[in-house]
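The structure under discussion appears below in the form of structure tokens.
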Amino acid sequence: MHWREFPVLPADETLFEGFRAGLDTRAARILAYLVRRRTDPEIETAEATRLSIRIGTELGREPTIAALSTLCANGLVEETTVDRERPGRPPKGWVAVHDSETTMRLVQSHHSYGLLEQADEVAKHFEVALPDAWFETVDPEDVTPVDRTSLTVALNWMPNGLHAPIIAAVESGHYERAGLDITLEPARGSGAATEHLRTGQADVALIGAASVCSAAPESFVPLAQLRQRSLAVLYTTTERLGAPFTSVEQVRGHRLAVTPDSEVGRLARLFLAHTGILDSVDIVAVSGEERTALARGDADVATGMPFDAYEFSEAGYEVSSLAVADHFPVPGPALVTTADTLQAGPKTMHRFLMATIAGVVTVHQQPEETAVQVATQSGDAVENERWRIDHAQSRAAERGVGRDHGWGRQTVEGWERLQVALRQEESG
């Protein structure tokens with residue numbers, strides 16, 4: 001009897017988490033496994049047979065074949081043969097082409113190029129005036145920095161943990177290494193961020209998806225979704241509602257605090273309209289003071305973000321909430337630019353996306369350090385920013401979003417579905 005040993009990819013492999021920001025999960029696992037074989041001195045050969053890869057990554061035959069095909073097509077892995085002591089024809093093998101750092105940058109570059117392709121499709125859907133070959137000068141194999149360029153990025157609120165990937169990309173030097181000098185410009189909501197972009201005060205803006213659809217989308221081009229799903233919630237206390245909040249039907253006949261024309265306000269109305277109870281709810285217009293309205297008894301339910309509900313519970317209230325995206329697949333906020341900016345600098349936007357993906361990876365790998373960086377800008381406590389970061393990541397993991405497509409994916413179908421829903425809500 002002959003015994004053979006097979007190296008296995010650790011469950012907490014950091015390379016895998018990094019690659020997954022730009023690849024589907026299976027391809028990321030295989031690439032991490034092959035790069036580790038290349039760099040681990042305890043493994044005798046960098047080449048691996050398909051059987052070794054399957055055992056080392058715990059993947060089936062067909063997923064392994066499909067992932068290897070993708071990785072070879074992107075020049076990240078190449079097919080070879082594996083030497084063995086037994087006579088006969090050597091079996092096929094696969095090997096990582098580059099070291100871990102180069103591989104990571106190429107993964108981010110290829111994925112950023114794919115995001116530009118998606119942006120082009122969405123721009124056509126929104127009837128944005130872009131030439132057919134506006135990004136033909138972008139080479140996904142070229143990962144060198146652009147000539148030093150300054151960009152202003154408008155955030156959709158004051159800096160906080162929900163902006164962690166962008167802040168991490170700034171503070172960790174990812175944008176700087178890409179040749180970009182980034183200025184972050186806080187705005188009071190998606191509407192204000194939209195105006196920054198419209199008036200040229202910003203080159204890129206983080207805007208809620210519903211606000212993009214409501215703001216003449218033919219003027220703007222979404223580059224990528226910072227998060228695949230909105231984190232907007234409806235929340236209340238057992239005292240106000242009379243029972244734990246478990247169904248949107250409980251809002252019927254009650255007062256809902258909403259900031260008119262805000263992203264969360266639009267999504268709340270869309271949620272209620274989708275479930276058929278909008279006309280049965282008394283909308284209480286506030287100006288960013290939903291929690292105050294709930295605390296004072298001016299409203300029975302409030303709209304907001306998860307941290308609003310968390311802070312309310314920390315104040316001693318018995319709080320429960322419903323996430324809008326659990327009931328209607330509302331896209332999360334998007335990084336948006338203009339047609340003029342894209343045409344003037346497609347390489348710049350490509351490098352911007354690359355560096356942002358690097359920021360996503362940094363948040364996953366260094367959440368505590370990122371929370372400290374965010375808190376420095378926000379003025380909030382580190383533990384609060386860490387809560388926001390952890391909550392956003394856990395919600396993404398629960399929903400499985402981005403697992404098969406990497407970070408930032410957007411589709412025409414997703415935007416069209418949201419547009420149709422918003423039109424239906426507006427028409428009653």
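Going by the structure tokens order, chains are called A, B, ..., each with residues numbered from 1, while ligands are numbered from 1 in the order shown.
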
Compile the contact shell of segment 17-20 of chain A as a list of chain:residue names: residues with an atom at most 7 Å away, counting only C-alpha atoms, same-chain residues fewer than 2 positions apart removed.
-> A:Glu13, A:Thr14, A:Leu15, A:Gly22, A:Leu23, A:Asp24, A:Thr25, A:Ala28, A:Met104, A:Val107, A:Val361, A:Gly406

Got a sec to tell me which of segment 174-388 of chain A DSSP assigns to alpha helix (DSSP H), as a VMD selection string?
-> chain A and resid 174 to 177 190 to 198 209 to 214 238 to 241 263 to 274 290 to 296 306 to 314 339 to 344 346 to 365 367 to 378 382 to 388

Selection: 12 Å around segment 36-49 of chain A, only C-alpha atoms, excl. self and same-chain fewer than 5 positions, as a PyMOL selection string | chain A and resi 5-10+13-16+29-31+54-57+61+64-65+68+77-84+90-101+103

Where does DSSP see strand (DSSP E or B) in segment 23-254 of chain A, if you list the residues as a PyMOL selection string?
-> chain A and resi 48+77-81+92-96+149-155+180-186+204-207+220-225+233-237

Dump C-alpha atoms for the selected residues as a JSON list (two decimals), in the first residue's frame?
[["chain", "number", "residue", "atom", "x", "y", "z"],
["A", 48, "ALA", "CA", -0.26, 20.46, -8.84],
["A", 77, "VAL", "CA", -2.28, 30.08, -13.87],
["A", 78, "GLU", "CA", -0.68, 28.04, -16.63],
["A", 79, "GLU", "CA", -1.01, 24.41, -17.59],
["A", 80, "THR", "CA", 2.10, 22.24, -17.38],
["A", 81, "THR", "CA", 3.04, 18.70, -16.38],
["A", 92, "LYS", "CA", -1.20, 17.40, -16.43],
["A", 93, "GLY", "CA", -0.51, 19.99, -13.81],
["A", 94, "TRP", "CA", -1.19, 23.63, -13.10],
["A", 95, "VAL", "CA", 1.04, 26.26, -11.54],
["A", 96, "ALA", "CA", 0.63, 29.88, -10.41],
["A", 149, "THR", "CA", -3.83, 62.54, -10.73],
["A", 150, "SER", "CA", -6.09, 64.20, -8.17],
["A", 151, "LEU", "CA", -9.65, 63.00, -7.59],
["A", 152, "THR", "CA", -12.34, 64.24, -5.23],
["A", 153, "VAL", "CA", -14.72, 61.59, -3.92],
["A", 154, "ALA", "CA", -17.99, 62.75, -2.36],
["A", 155, "LEU", "CA", -19.27, 60.50, 0.42],
["A", 180, "LEU", "CA", -4.04, 58.96, -7.23],
["A", 181, "ASP", "CA", -4.32, 61.80, -4.74],
["A", 182, "ILE", "CA", -7.76, 61.35, -3.20],
["A", 183, "THR", "CA", -9.74, 64.00, -1.34],
["A", 184, "LEU", "CA", -12.81, 62.75, 0.53],
["A", 185, "GLU", "CA", -15.66, 65.26, 0.64],
["A", 186, "PRO", "CA", -18.48, 64.44, 3.08],
["A", 204, "VAL", "CA", -16.73, 60.36, -8.10],
["A", 205, "ALA", "CA", -19.59, 60.19, -5.61],
["A", 206, "LEU", "CA", -21.03, 57.50, -3.39],
["A", 207, "ILE", "CA", -24.77, 57.63, -4.03],
["A", 220, "PHE", "CA", -24.20, 59.57, -14.53],
["A", 221, "VAL", "CA", -22.36, 56.27, -14.83],
["A", 222, "PRO", "CA", -22.30, 53.86, -11.87],
["A", 223, "LEU", "CA", -18.82, 52.29, -11.69],
["A", 224, "ALA", "CA", -19.41, 49.69, -9.01],
["A", 225, "GLN", "CA", -21.62, 48.98, -6.03],
["A", 233, "VAL", "CA", -33.85, 49.35, 8.10],
["A", 234, "LEU", "CA", -37.15, 50.12, 9.75],
["A", 235, "TYR", "CA", -36.84, 49.92, 13.52],
["A", 236, "THR", "CA", -38.92, 50.51, 16.61],
["A", 237, "THR", "CA", -39.29, 49.61, 20.26]]

Check the smallest atom-to-atom distance from each of A:Gly173, A:Gly265, A:Pro159, A:Pro63 to Ser378 of chain A using only C-alpha atoms, then report the winner.
->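 Closest candidate: A:Pro159.
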
Would you kindly return, as a PyMOL selection string, each protein, DNA or RNA residue with an atom no farther than 9 Å from any atom of segment 277-279 of chain A, considering only C-alpha atoms and excluding same-chain residues fewer than 6 positions away?
-> chain A and resi 248-249+251-253+269-271

Next, the residues of the selection above should be written as an mmCIF file, in the first residue's frame with C-alpha atoms.
data_model
loop_
_atom_site.group_PDB
_atom_site.id
_atom_site.type_symbol
_atom_site.label_atom_id
_atom_site.label_comp_id
_atom_site.auth_asym_id
_atom_site.auth_seq_id
_atom_site.Cartn_x
_atom_site.Cartn_y
_atom_site.Cartn_z
ATOM 1 C CA VAL A 248 -43.874 44.877 7.987
ATOM 2 C CA GLU A 249 -47.626 44.350 8.382
ATOM 3 C CA VAL A 251 -46.504 49.123 10.507
ATOM 4 C CA ARG A 252 -50.038 49.307 9.132
ATOM 5 C CA GLY A 253 -51.978 52.047 10.901
ATOM 6 C CA ARG A 269 -41.639 54.073 0.826
ATOM 7 C CA LEU A 270 -40.657 51.530 -1.825
ATOM 8 C CA PHE A 271 -40.687 48.761 0.796
#

Atomic separation - atom CA of Ser321 of chain A relative to atom CA of Gly242 of chain A, Å |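 The value is 13.8 Å.
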
Which is closest to Gly189 of chain A among A:Gly208, A:Gly60, A:Gly316, A:Gly161, if we use only C-alpha atoms?
-> A:Gly208
